[in-house]
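K.L.:
Take a look at this one; I'll ask things after.
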Amino acid sequence: MGIFFNPGNGSFTKDRNYEIYVDKTELLKYLNRAIGTPKNCIAVSHARRFGKSHAAGMIDAYYSLGSDSAKLFKGTKIASDPDYEKYRNKYNVIHLDISSFWDFHKKDIVEKIIEDIFKELKMDYPEEFDERDRISYVLMKIYEKTGIPFVIIVDEWDCVVRNSTDQDLIHQYLQFLHSLFKSEESKSFLALGYITGIMPIKKIKDESALNNFEEYTMLKSRPITKYYGFTEEEVKALCKRYDMDFETTKEWYNGYLIDGMHMYNPNSVSQAMKYHDFDSYWRNTSAFGTINNFIMMNYSGLKEDVLTMLSGGKVMVDTECFQNDLAEIHSKDDALTALIHLGYLGYDADMLSAYIPNYEVAKAFQSALKTGEWKDVAASISKCDTLLMATISGNIEKVAELIELAHDTYTSILKYNDENSLSCVLTMAYFTAPAYYTIIREMPAGKGFADFVFLPRANAGNRPAMIVELKYNQSADTAIRQIKEKRYQGALSGYESKILLVGISYDSEKHHTCSIEEW
């Protein structure tokens, strides 16, 4: 048992011992079907904290000759599969985490990786190779002697491609991967190749090292989608177990629509359950400066699209031209596609559109907006909590003042008197309200559609429900009368707590007024 060659099952043991464990072992059924076939090389590129490394540890534990994992898999879903024993702990496994090498060996990373692998191989097979031999040749000779094929796992495979500007080094690294996964020798010794990364495989001219891989990305990963992230049913079960409100969990962490399946950020959901607290846990694991880098790019329509998404809308995006390289962003579509792969945007394949997936990510955007051209927007968002409290307390002057400030802030981006733009402004003005409310725009109610309905969730405390109506060149009182006359409050029939009717108006001189009544 080594670190790189035939590792033990320590990583998966920790996952199994953790109080929040969700069984994803059926992924192994899919991998078993790929072993020894022309489709035996699999590349998973998903955002950080979506379970890629956890899966790699599980794969170690299942295939590696370095441990007997029978007890570890007892009671799991894979254990009931007819082929479970056929593949369990039957392979020589090599597992590499490229990021750990990159941290200390940026100039000689390939040489160091091979050196460390050879050190461990030599302990078990001292007579099988000369250290001057190609690694693919050495692995082939070991296979010929033992008859035991290799499962090779490379975690963070794209670390070198993403971070290095040395094209010679990148070429050398890709040739190393070619020797493991596509060389003539690998056709004999390789049972399964499994690599993970953040970005899909980069389209590199004249490089074919990885073009034999089946790719699974944030855009499309069927049929293994459900094994990376938590499904809605899994989250419901966790909410029941930990007595957490599901609708609030959904608002905070849902939104990644992959192959029509709603996937949740597993790290954030686990943290929320563990601490019994809804918060932005992803901020501790990702560089939100990345968001700022992309949204500050000077591409036509980008700023308008970002604001549309911040206010709850979706924008069309062409994902086909992106070169899978964060250093090669040549258009608005490239910038948005990069953010999709990084997990900062969701992607609706049916509508070919991008959107901000949940409140946690919206908070990340809020942090990213605090510099550059977005400072005014960030300043307006910073007053959202004040606006919400002013609305709840009935402070109509303060509400009118803050809505007017928000409206003025977005004038440079949106048409001032456009009705849809005003709805976007109101969404932005109450940007932090989704932490406590489910907000429905144009909700069918009574004899028409209520502009906005704020439905308190279980964590809302004493915050009341609210119906908000917007008017242009009419009084705020007129808006209140329309709510009553068209019986918009009927949308909340059966709701027994406090309901506020809120009318907001503005005129051609950009003066805003507000009226608030308790129903």
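Naming works like this for the structure tokens: A, B, ... for the chains as they're shown, residue 1 at the start of each chain, ligands 1 onward in shown order.
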Could you pull the residues within 9 Å of Ala47 of chain A, counting only C-alpha atoms, minus those fewer than 2 positions along the same chain, as a count of residues only?
P.N.:
14
K.L.:
As JSON, numbers by chain, list the residues of segment 239-385 of chain A assigned to helix (DSSP H, G or I) by DSSP on the backbone atoms of this structure.
P.N.:
{"A": [239, 240, 241, 242, 246, 247, 248, 249, 250, 251, 252, 253, 266, 267, 268, 269, 270, 271, 272, 273, 274, 275, 281, 282, 283, 284, 289, 290, 291, 292, 293, 294, 295, 302, 303, 304, 305, 306, 307, 308, 309, 310, 332, 333, 334, 335, 336, 337, 338, 339, 340, 341, 359, 360, 361, 362, 363, 364, 365, 366, 367, 368, 372, 373, 374, 375, 376, 377, 378, 379, 380, 381, 384, 385]}
K.L.:
Where does DSSP see strand (DSSP E) in segment 8-74 of chain A, if you list the residues as a list in words?
P.N.:
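Residues meeting the strand (DSSP E) criterion: Cys41, Ile42, Ala43, Val44 and Ser45 of chain A.
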K.L.:
For the residues in the current selection, export all heavy atoms as a PDB file, in the first residue's frame.
P.N.:
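Result written to out_2.pdb:
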```
ATOM      1  N   CYS A  41     -12.040   5.499 -20.720  1.00  0.00           N
ATOM      2  CA  CYS A  41     -11.422   6.713 -20.209  1.00  0.00           C
ATOM      3  C   CYS A  41     -12.506   7.768 -19.978  1.00  0.00           C
ATOM      4  O   CYS A  41     -13.225   8.159 -20.912  1.00  0.00           O
ATOM      5  CB  CYS A  41     -10.367   7.236 -21.180  1.00  0.00           C
ATOM      6  SG  CYS A  41      -8.873   6.213 -21.255  1.00  0.00           S
ATOM      7  N   ILE A  42     -12.614   8.236 -18.742  1.00  0.00           N
ATOM      8  CA  ILE A  42     -13.715   9.102 -18.331  1.00  0.00           C
ATOM      9  C   ILE A  42     -13.164  10.371 -17.701  1.00  0.00           C
ATOM     10  O   ILE A  42     -12.289  10.318 -16.821  1.00  0.00           O
ATOM     11  CB  ILE A  42     -14.620   8.347 -17.327  1.00  0.00           C
ATOM     12  CG1 ILE A  42     -15.345   7.213 -18.064  1.00  0.00           C
ATOM     13  CG2 ILE A  42     -15.609   9.284 -16.653  1.00  0.00           C
ATOM     14  CD1 ILE A  42     -15.991   6.211 -17.149  1.00  0.00           C
ATOM     15  N   ALA A  43     -13.671  11.517 -18.171  1.00  0.00           N
ATOM     16  CA  ALA A  43     -13.247  12.826 -17.660  1.00  0.00           C
ATOM     17  C   ALA A  43     -14.448  13.551 -17.064  1.00  0.00           C
ATOM     18  O   ALA A  43     -15.446  13.778 -17.753  1.00  0.00           O
ATOM     19  CB  ALA A  43     -12.626  13.662 -18.777  1.00  0.00           C
ATOM     20  N   VAL A  44     -14.345  13.902 -15.792  1.00  0.00           N
ATOM     21  CA  VAL A  44     -15.418  14.630 -15.097  1.00  0.00           C
ATOM     22  C   VAL A  44     -14.928  16.029 -14.778  1.00  0.00           C
ATOM     23  O   VAL A  44     -13.980  16.203 -14.000  1.00  0.00           O
ATOM     24  CB  VAL A  44     -15.836  13.905 -13.805  1.00  0.00           C
ATOM     25  CG1 VAL A  44     -16.914  14.702 -13.077  1.00  0.00           C
ATOM     26  CG2 VAL A  44     -16.323  12.496 -14.116  1.00  0.00           C
ATOM     27  N   SER A  45     -15.536  17.025 -15.401  1.00  0.00           N
ATOM     28  CA  SER A  45     -15.182  18.419 -15.092  1.00  0.00           C
ATOM     29  C   SER A  45     -16.402  19.102 -14.497  1.00  0.00           C
ATOM     30  O   SER A  45     -17.371  19.387 -15.195  1.00  0.00           O
ATOM     31  CB  SER A  45     -14.714  19.153 -16.359  1.00  0.00           C
ATOM     32  OG  SER A  45     -15.711  19.166 -17.342  1.00  0.00           O
TER      33      SER A  45
END
```
K.L.:
Write out, as a Markdown table, each residue of segment 457-488 of chain A that has an atom at most 9 Å from segment 379-401 of chain A, together with the closest pair of atoms and their distance in Å to one decimal, counting only C-alpha atoms, rows going by chain and rising number.
P.N.:
```
| residue | atom | partner | partner_atom | distance |
| --- | --- | --- | --- | --- |
| A:Arg463 | CA | A:Ile392 | CA | 7.1 |
| A:Pro464 | CA | A:Ile392 | CA | 7.1 |
| A:Met466 | CA | A:Ile392 | CA | 8.7 |
```
K.L.:
Give the answer as one residue: which of A:Ser311, A:Asn163, A:Ser508, A:Asn293 has the shortest atom-to-atom distance to Pro357 of chain A, using only C-alpha atoms?
P.N.:
A:Ser311
K.L.:
Kindly indicate which residue among A:Ala435, A:Leu121, A:Leu310, A:Ile20 lies nearest to Cys239 of chain A, using only C-alpha atoms for the distances.
P.N.:
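Looking only at the distances to Cys239 of chain A, the closest residue turns out to be A:Ile20.
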